[in-house]
$ cat final-v5.txt   # compact mmCIF, C-alpha atoms
# COMPACT_ATOMS: atom_id res chain seq x y z
CA MET A 20 -66.79 16.23 -49.52
CA ILE A 21 -64.55 19.17 -50.40
CA VAL A 22 -66.85 21.52 -48.48
CA THR A 23 -66.77 19.15 -45.49
CA CYS A 24 -62.97 19.01 -45.59
CA ILE A 25 -62.77 22.82 -45.68
CA VAL A 26 -65.15 23.13 -42.73
CA LEU A 27 -63.22 20.44 -40.81
CA GLY A 28 -59.96 22.28 -41.50
CA LEU A 29 -61.50 25.54 -40.29
CA MET A 30 -62.63 23.79 -37.11
CA VAL A 31 -59.11 22.53 -36.36
CA LEU A 32 -57.69 25.99 -37.14
CA ALA A 33 -60.21 27.58 -34.76
CA GLY A 34 -59.17 25.04 -32.11
CA LEU A 35 -55.51 25.85 -32.73
CA TRP A 36 -56.19 29.58 -32.40
CA THR A 37 -58.12 28.90 -29.18
CA VAL A 38 -55.10 27.16 -27.69
CA MET A 39 -52.41 29.51 -29.00
CA THR A 40 -53.94 32.95 -28.58
CA ARG A 41 -52.57 35.04 -25.73
CA SER A 42 -55.74 36.59 -24.35
CA LEU A 43 -58.13 34.44 -22.36
CA VAL A 44 -61.15 36.30 -23.74
CA ARG A 45 -60.00 35.61 -27.31
CA SER A 46 -59.49 32.01 -26.31
CA ALA A 47 -63.11 31.81 -25.09
CA ILE A 48 -64.28 33.41 -28.35
CA GLY A 49 -62.20 30.88 -30.29
CA LEU A 50 -63.92 28.10 -28.41
CA ALA A 51 -67.31 29.56 -29.34
CA LEU A 52 -66.15 29.73 -32.97
CA THR A 53 -65.12 26.07 -32.82
CA SER A 54 -68.59 25.28 -31.49
CA VAL A 55 -70.25 27.20 -34.33
CA ILE A 56 -68.20 25.32 -36.94
CA LEU A 57 -69.04 22.04 -35.19
CA THR A 58 -72.70 23.02 -35.46
CA VAL A 59 -72.32 23.47 -39.23
CA LEU A 60 -70.79 19.99 -39.46
CA MET A 61 -73.63 18.51 -37.43
CA PHE A 62 -76.14 20.15 -39.77
CA LEU A 63 -74.26 18.71 -42.75
CA LEU A 64 -74.51 15.23 -41.19
CA GLY A 65 -78.23 15.63 -40.52
CA ALA A 66 -78.09 15.87 -36.70
CA THR A 67 -80.18 19.03 -36.59
CA MET A 68 -81.58 18.75 -33.05
CA ALA A 69 -78.17 18.10 -31.54
CA ALA A 70 -76.79 20.95 -33.66
CA VAL A 71 -79.34 23.38 -32.18
CA PHE A 72 -78.33 22.25 -28.68
CA GLU A 73 -74.66 22.66 -29.52
CA LEU A 74 -75.19 26.17 -30.90
CA SER A 75 -77.33 27.49 -28.06
CA VAL A 76 -75.67 25.76 -25.13
CA CYS A 77 -72.03 25.29 -26.09
CA ALA A 78 -71.49 28.36 -28.27
CA GLY A 79 -73.75 30.53 -26.10
CA LEU A 80 -74.01 29.48 -22.49
CA ILE A 81 -70.52 28.05 -22.01
CA THR A 82 -68.95 31.17 -23.56
CA VAL A 83 -70.92 33.29 -21.09
CA VAL A 84 -69.67 31.08 -18.22
CA PHE A 85 -66.07 31.45 -19.43
CA ILE A 86 -66.29 35.23 -19.92
CA SER A 87 -67.87 35.59 -16.45
CA THR A 88 -65.12 33.49 -14.89
CA ILE A 89 -62.43 35.52 -16.66
CA SER A 90 -64.02 38.78 -15.54
CA MET A 91 -64.14 37.54 -11.93
CA THR A 92 -60.41 36.88 -11.92
CA LYS A 93 -57.64 39.45 -11.93
CA ALA A 94 -56.03 40.74 -15.14
CA LEU A 95 -52.24 40.66 -15.38
CA THR A 96 -50.05 43.76 -15.45
CA HIS A 97 -48.45 44.74 -18.77
CA GLU A 98 -44.97 43.51 -17.74
CA ALA A 99 -46.32 40.21 -16.43
CA LEU A 100 -48.28 39.77 -19.67
CA LEU A 101 -45.15 40.33 -21.80
CA GLN A 102 -43.20 37.81 -19.74
CA LYS A 103 -46.05 35.33 -19.98
CA THR A 104 -46.22 35.78 -23.77
CA ARG A 105 -42.52 34.92 -24.10
CA ASP A 106 -43.01 31.83 -21.91
CA ARG A 107 -46.10 30.81 -23.87
CA LEU A 108 -44.32 31.02 -27.23
CA LYS A 109 -41.66 28.64 -25.94
CA ARG A 110 -44.25 26.13 -24.80
CA TYR A 111 -46.80 26.35 -27.64
CA TRP A 112 -44.81 26.52 -30.86
CA TYR A 113 -44.67 22.70 -30.93
CA LEU A 114 -48.45 22.42 -31.35
CA PRO A 115 -48.84 23.44 -35.06
CA ALA A 116 -45.95 21.13 -35.98
CA LEU A 117 -47.48 18.33 -33.90
CA LEU A 118 -50.85 18.77 -35.64
CA LEU A 119 -49.27 18.75 -39.10
CA VAL A 120 -47.23 15.63 -38.36
CA GLY A 121 -50.19 13.95 -36.62
CA GLY A 122 -52.51 14.67 -39.54
CA ALA A 123 -49.99 13.36 -42.07
CA VAL A 124 -49.35 10.18 -40.05
CA LEU A 125 -53.08 9.51 -39.59
CA ALA A 126 -53.78 10.06 -43.29
CA PHE A 127 -50.91 7.71 -44.16
CA VAL A 128 -52.09 5.02 -41.72
CA LEU A 129 -55.80 5.22 -42.52
CA ALA A 130 -55.56 5.50 -46.32
CA PRO A 131 -54.83 1.82 -47.09
CA LEU A 132 -57.53 0.45 -44.74
CA PRO A 133 -60.15 -1.61 -46.59
CA PRO A 134 -63.64 -0.13 -46.86
CA GLY A 135 -66.25 -1.43 -44.44
CA GLY A 136 -69.07 -0.38 -42.12
CA ALA A 137 -72.74 0.28 -42.61
CA LEU A 138 -74.69 2.53 -44.91
CA PRO A 139 -75.12 6.18 -43.97
CA ALA A 140 -78.30 7.23 -42.22
CA PRO A 141 -81.13 8.75 -44.24
CA ALA A 142 -80.91 12.51 -44.47
CA THR A 143 -84.48 13.07 -43.27
CA VAL A 144 -84.95 14.42 -39.74
CA ASP A 145 -87.33 12.29 -37.72
CA PHE A 146 -88.29 14.34 -34.67
CA ALA A 147 -90.86 11.76 -33.49
CA ALA A 148 -88.17 9.05 -33.46
CA LEU A 149 -85.83 11.33 -31.51
CA LYS A 150 -88.57 12.11 -29.00
CA GLN A 151 -89.27 8.39 -28.64
CA MET A 152 -85.56 7.68 -28.17
CA ILE A 153 -85.00 10.38 -25.53
CA TRP A 154 -88.18 9.97 -23.47
CA LYS A 155 -88.93 6.25 -23.84
CA GLU A 156 -85.84 4.25 -24.76
CA ARG A 157 -83.19 6.29 -22.88
CA GLN A 158 -85.17 7.16 -19.74
CA THR A 159 -82.20 6.28 -17.50
CA ASP A 160 -80.19 8.98 -19.24
CA ILE A 161 -82.86 11.54 -18.34
CA LEU A 162 -82.65 10.42 -14.71
CA GLY A 163 -78.88 10.80 -14.84
CA GLN A 164 -79.22 14.25 -16.40
CA ILE A 165 -81.60 15.40 -13.67
CA THR A 166 -79.22 14.08 -10.99
CA ILE A 167 -76.19 15.75 -12.52
CA ILE A 168 -78.04 19.06 -12.99
CA PHE A 169 -79.13 18.94 -9.32
CA ALA A 170 -75.55 18.18 -8.24
CA GLY A 171 -74.24 20.95 -10.48
CA VAL A 172 -76.67 23.58 -9.21
CA THR A 173 -75.85 22.64 -5.60
CA GLY A 174 -72.13 22.81 -6.38
CA VAL A 175 -72.38 26.22 -8.03
CA ILE A 176 -74.44 27.63 -5.15
CA VAL A 177 -71.92 26.36 -2.59
CA LEU A 178 -68.89 27.57 -4.56
CA PHE A 179 -70.18 31.04 -5.42
CA LYS A 180 -71.67 31.74 -1.99
CA GLU A 181 -69.74 34.38 -0.10
CA ARG A 182 -69.17 33.57 3.54
CA LYS A 183 -69.94 36.11 6.27
CA GLY A 184 -67.11 38.57 6.69
CA GLU A 185 -65.34 37.38 3.53
CA LYS A 186 -66.51 40.29 1.40
CA GLU A 187 -64.46 43.43 1.89
CA MET B 11 -70.77 1.78 -48.29
CA THR B 12 -67.25 2.58 -49.38
CA GLU B 13 -68.05 6.26 -49.49
CA ALA B 14 -69.39 6.21 -45.91
CA PHE B 15 -66.15 4.71 -44.64
CA GLU B 16 -64.07 7.22 -46.57
CA VAL B 17 -66.06 10.03 -44.98
CA PHE B 18 -65.56 8.47 -41.55
CA LYS B 19 -61.80 8.29 -42.09
CA THR B 20 -61.66 11.94 -43.08
CA TYR B 21 -63.65 13.01 -40.03
CA TRP B 22 -61.55 10.76 -37.80
CA ILE B 23 -58.31 12.50 -38.81
CA PHE B 24 -59.67 15.96 -37.99
CA VAL B 25 -61.31 14.75 -34.75
CA VAL B 26 -57.98 13.34 -33.56
CA LEU B 27 -56.26 16.65 -34.40
CA LEU B 28 -58.86 18.62 -32.45
CA ALA B 29 -58.59 16.27 -29.46
CA LEU B 30 -54.79 16.54 -29.69
CA SER B 31 -55.06 20.35 -29.50
CA GLY B 32 -57.19 19.97 -26.35
CA VAL B 33 -54.76 17.53 -24.73
CA TYR B 34 -51.81 19.80 -25.56
CA CYS B 35 -53.66 22.77 -24.06
CA VAL B 36 -54.34 20.88 -20.82
CA VAL B 37 -50.77 19.59 -20.57
CA ALA B 38 -48.87 22.74 -21.58
CA THR B 39 -50.84 25.45 -19.83
CA ARG B 40 -50.41 26.72 -16.29
CA ASN B 41 -53.68 28.64 -16.21
CA LEU B 42 -56.72 26.92 -14.72
CA ILE B 43 -59.17 28.55 -17.16
CA ARG B 44 -57.11 27.28 -20.09
CA VAL B 45 -57.30 23.78 -18.63
CA LEU B 46 -61.09 24.04 -18.86
CA ILE B 47 -60.83 25.35 -22.43
CA GLY B 48 -58.66 22.35 -23.34
CA MET B 49 -61.22 20.02 -21.80
CA GLU B 50 -63.92 21.72 -23.86
CA LEU B 51 -61.95 21.14 -27.06
CA MET B 52 -61.65 17.44 -26.23
CA THR B 53 -65.41 17.29 -25.59
CA LYS B 54 -66.06 18.91 -28.98
CA ALA B 55 -63.99 16.19 -30.63
CA ALA B 56 -65.98 13.52 -28.75
CA THR B 57 -69.27 15.16 -29.79
CA LEU B 58 -68.29 15.16 -33.44
CA ILE B 59 -67.13 11.55 -33.48
CA ILE B 60 -70.40 10.41 -31.85
CA VAL B 61 -72.40 12.20 -34.57
CA VAL B 62 -70.20 10.77 -37.32
CA GLY B 63 -70.51 7.30 -35.75
CA GLY B 64 -74.29 7.68 -35.80
CA TRP B 65 -74.20 8.78 -39.43
CA VAL B 66 -72.00 5.88 -40.54
CA SER B 67 -73.91 3.23 -38.59
CA GLY B 68 -77.30 4.61 -39.65
CA ARG B 69 -78.33 5.25 -36.02
CA MET B 70 -78.44 9.02 -36.07
CA VAL B 71 -81.38 9.21 -33.65
CA LEU B 72 -79.42 7.37 -30.94
CA ALA B 73 -76.34 9.46 -31.67
CA GLN B 74 -78.35 12.68 -31.27
CA ALA B 75 -79.81 11.48 -27.96
CA LEU B 76 -76.29 10.72 -26.71
CA VAL B 77 -74.97 14.09 -27.90
CA ILE B 78 -77.76 15.93 -26.10
CA ASN B 79 -76.81 14.03 -22.93
CA LEU B 80 -73.16 14.86 -23.47
CA ILE B 81 -73.94 18.57 -23.87
CA VAL B 82 -75.93 18.66 -20.61
CA VAL B 83 -73.13 16.93 -18.69
CA GLU B 84 -70.55 19.22 -20.34
CA VAL B 85 -72.36 22.36 -19.23
CA VAL B 86 -72.71 21.17 -15.64
CA VAL B 87 -69.05 20.13 -15.46
CA ILE B 88 -67.90 23.49 -16.84
CA ALA B 89 -70.17 25.46 -14.50
CA VAL B 90 -68.92 23.60 -11.41
CA ALA B 91 -65.30 23.76 -12.60
CA ALA B 92 -65.67 27.51 -13.18
CA GLY B 93 -67.00 27.82 -9.62
CA LEU B 94 -63.95 25.91 -8.37
CA VAL B 95 -61.63 28.17 -10.36
CA VAL B 96 -63.23 31.32 -8.92
CA SER B 97 -63.05 29.86 -5.39
CA LEU B 98 -59.38 29.00 -5.83
CA PHE B 99 -58.70 32.49 -7.17
CA ARG B 100 -60.38 34.05 -4.15
CA LYS B 101 -58.34 31.85 -1.84
CA ASN B 102 -54.92 32.08 -3.52
CA GLY B 103 -55.13 35.24 -5.63
CA SER B 104 -53.77 33.39 -8.65
CA LEU B 105 -54.81 31.00 -11.39
CA ASP B 106 -51.32 29.58 -11.85
CA THR B 107 -51.28 25.84 -11.21
CA ARG B 108 -47.73 26.06 -9.81
CA GLU B 109 -48.95 28.26 -6.99
CA LEU B 110 -51.63 25.85 -5.80
CA LYS B 111 -49.66 24.30 -2.97
CA ASN B 112 -52.22 24.44 -0.17
CA LEU B 113 -52.77 20.69 -0.17
CA LYS B 114 -49.12 19.80 -0.56
CA GLY B 115 -48.09 17.55 2.33

$ encode --input "final-v5.txt" --output "structure tokens"
Amino acid sequence: MIVTCIVLGLMVLAGLWTVMTRSLVRSAIGLALTSVILTVLMFLLGATMAAVFELSVCAGLITVVFISTISMTKALTHEALLQKTRDRLKRYWYLPALLLVGGAVLAFVLAPLPPGGALPAPATVDFAALKQMIWKERQTDILGQITIIFAGVTGVIVLFKERKGEKE
Amino acid sequence: MTEAFEVFKTYWIFVVLLALSGVYCVVATRNLIRVLIGMELMTKAATLIIVVGGWVSGRMVLAQALVINLIVVEVVVIAVAAGLVVSLFRKNGSLDTRELKNLKG
């Protein structure tokens, strides 16, 4: 449990750094770091398949999408960046305090709650059961996934397409 | 049984803190890319609480199936939102939300 708490704390710290860091690229890297730590937690809980998805897709693909988007947009000048940093400090210094107070309040509220709930899942990884669940019992989800991927691909093609005469 | 609930409570506190960071990022920022990053942080919190819920209820297989769904939807949403951000940047030359006044009546 101590290890879990340390990893959870690291995840929140990575999230905090993602929000508070000045550079957008560092922010994207912080998000990838949060994803990696989340993957570790998922492994600890026994959700290995979902953890592999999280690591490859969220820590990998989404970071690539963010870095590409950042590189397609214009960087600020040095003066504008300094001004922005001063503005950011004013707006973001509340966040660490808010997290500390929020964590303390939650711990205080949740501590006296009576124990309840079910037993934890067995630690063994049952790939056959997962396959059965995804392809047989949750077929509608697969249909939804296919629809959303189709919609997403169409959206990306339309949005990234350059119109005639638009390119200089 | 008691131990499982204690674990859930611990996870719950950190999940709320992570989601709070995401909400703060979305509310406080004026950069469109940071809005997406804040949304991602909130999704990470949702992912973790689904896995923990599966662990506590003993239905980890269902939780994993849901998380895989969530990840697919997350990627598509981020890809399309990134396309929107790039389009807006091409149109307005800025990512500042205060300068997006084209649709203002």

$ closest_residue --input "final-v5.txt" --among "A:Ala130, A:Val175, A:Leu114, A:Ile86" --to "Ser42 of chain A" --atoms "only C-alpha atoms"
A:Ile86

$ interface_residues --input "final-v5.txt" --of "chain B" --to "chain A" --cutoff "6 Å" --atoms "all atoms listed in the file" --output "list in words"
Met11, Thr12, Phe15, Leu27, Leu28, Cys35, Trp65, Val66, Ser67, Gly68, Val71, Gln74, Ala75, Ile78, Val86, Val90 and Gly93 of chain B

$ atom_distance --input "final-v5.txt" --atom1 "atom CA of Ser90 of chain A" --atom2 "atom CA of Val44 of chain A"
9.0 Å

$ residues_around --input "final-v5.txt" --residues "Val36 of chain B" --least-positions-apart "2" --cutoff "8 Å" --atoms "all atoms listed in the file" --output "JSON, numbers by chain"
{"B": [32, 33, 34, 38, 39, 44, 45, 46, 48, 49]}

$ closest_residue --input "final-v5.txt" --among "B:Val37, B:Leu42, B:Val87, B:Val25" --to "Leu58 of chain B" --atoms "only C-alpha atoms"
B:Val25

$ atom_distance --input "final-v5.txt" --atom1 "atom CA of Glu16 of chain B" --atom2 "atom CA of Ala56 of chain B"
19.0 Å

$ atom_distance --input "final-v5.txt" --atom1 "atom CA of Leu94 of chain B" --atom2 "atom CA of Ala78 of chain A"
21.4 Å

$ closest_residue --input "final-v5.txt" --among "B:Ala89, B:Leu51, B:Asn79, B:Phe24" --to "Leu29 of chain A" --atoms "all atoms listed in the file"
B:Phe24

$ closest_residue --input "final-v5.txt" --among "A:Ile25, A:Ile56, A:Val83, A:Arg41" --to "Asn41 of chain B" --atoms "only C-alpha atoms"
A:Arg41

$ residues_around --input "final-v5.txt" --residues "Val77 of chain B" --least-positions-apart "4" --cutoff "7 Å" --atoms "only C-alpha atoms" --output "PyMOL selection string"
(chain A and resi 69) or (chain B and resi 57+73+81)

$ write_last_selection --input "final-v5.txt" --atoms "C-alpha atoms" --output "compact mmCIF listing (two decimals), in the coordinates of the input"
# COMPACT_ATOMS: atom_id res chain seq x y z
CA ALA A 69 -78.17 18.10 -31.54
CA THR B 57 -69.27 15.16 -29.79
CA ALA B 73 -76.34 9.46 -31.67
CA ILE B 81 -73.94 18.57 -23.87
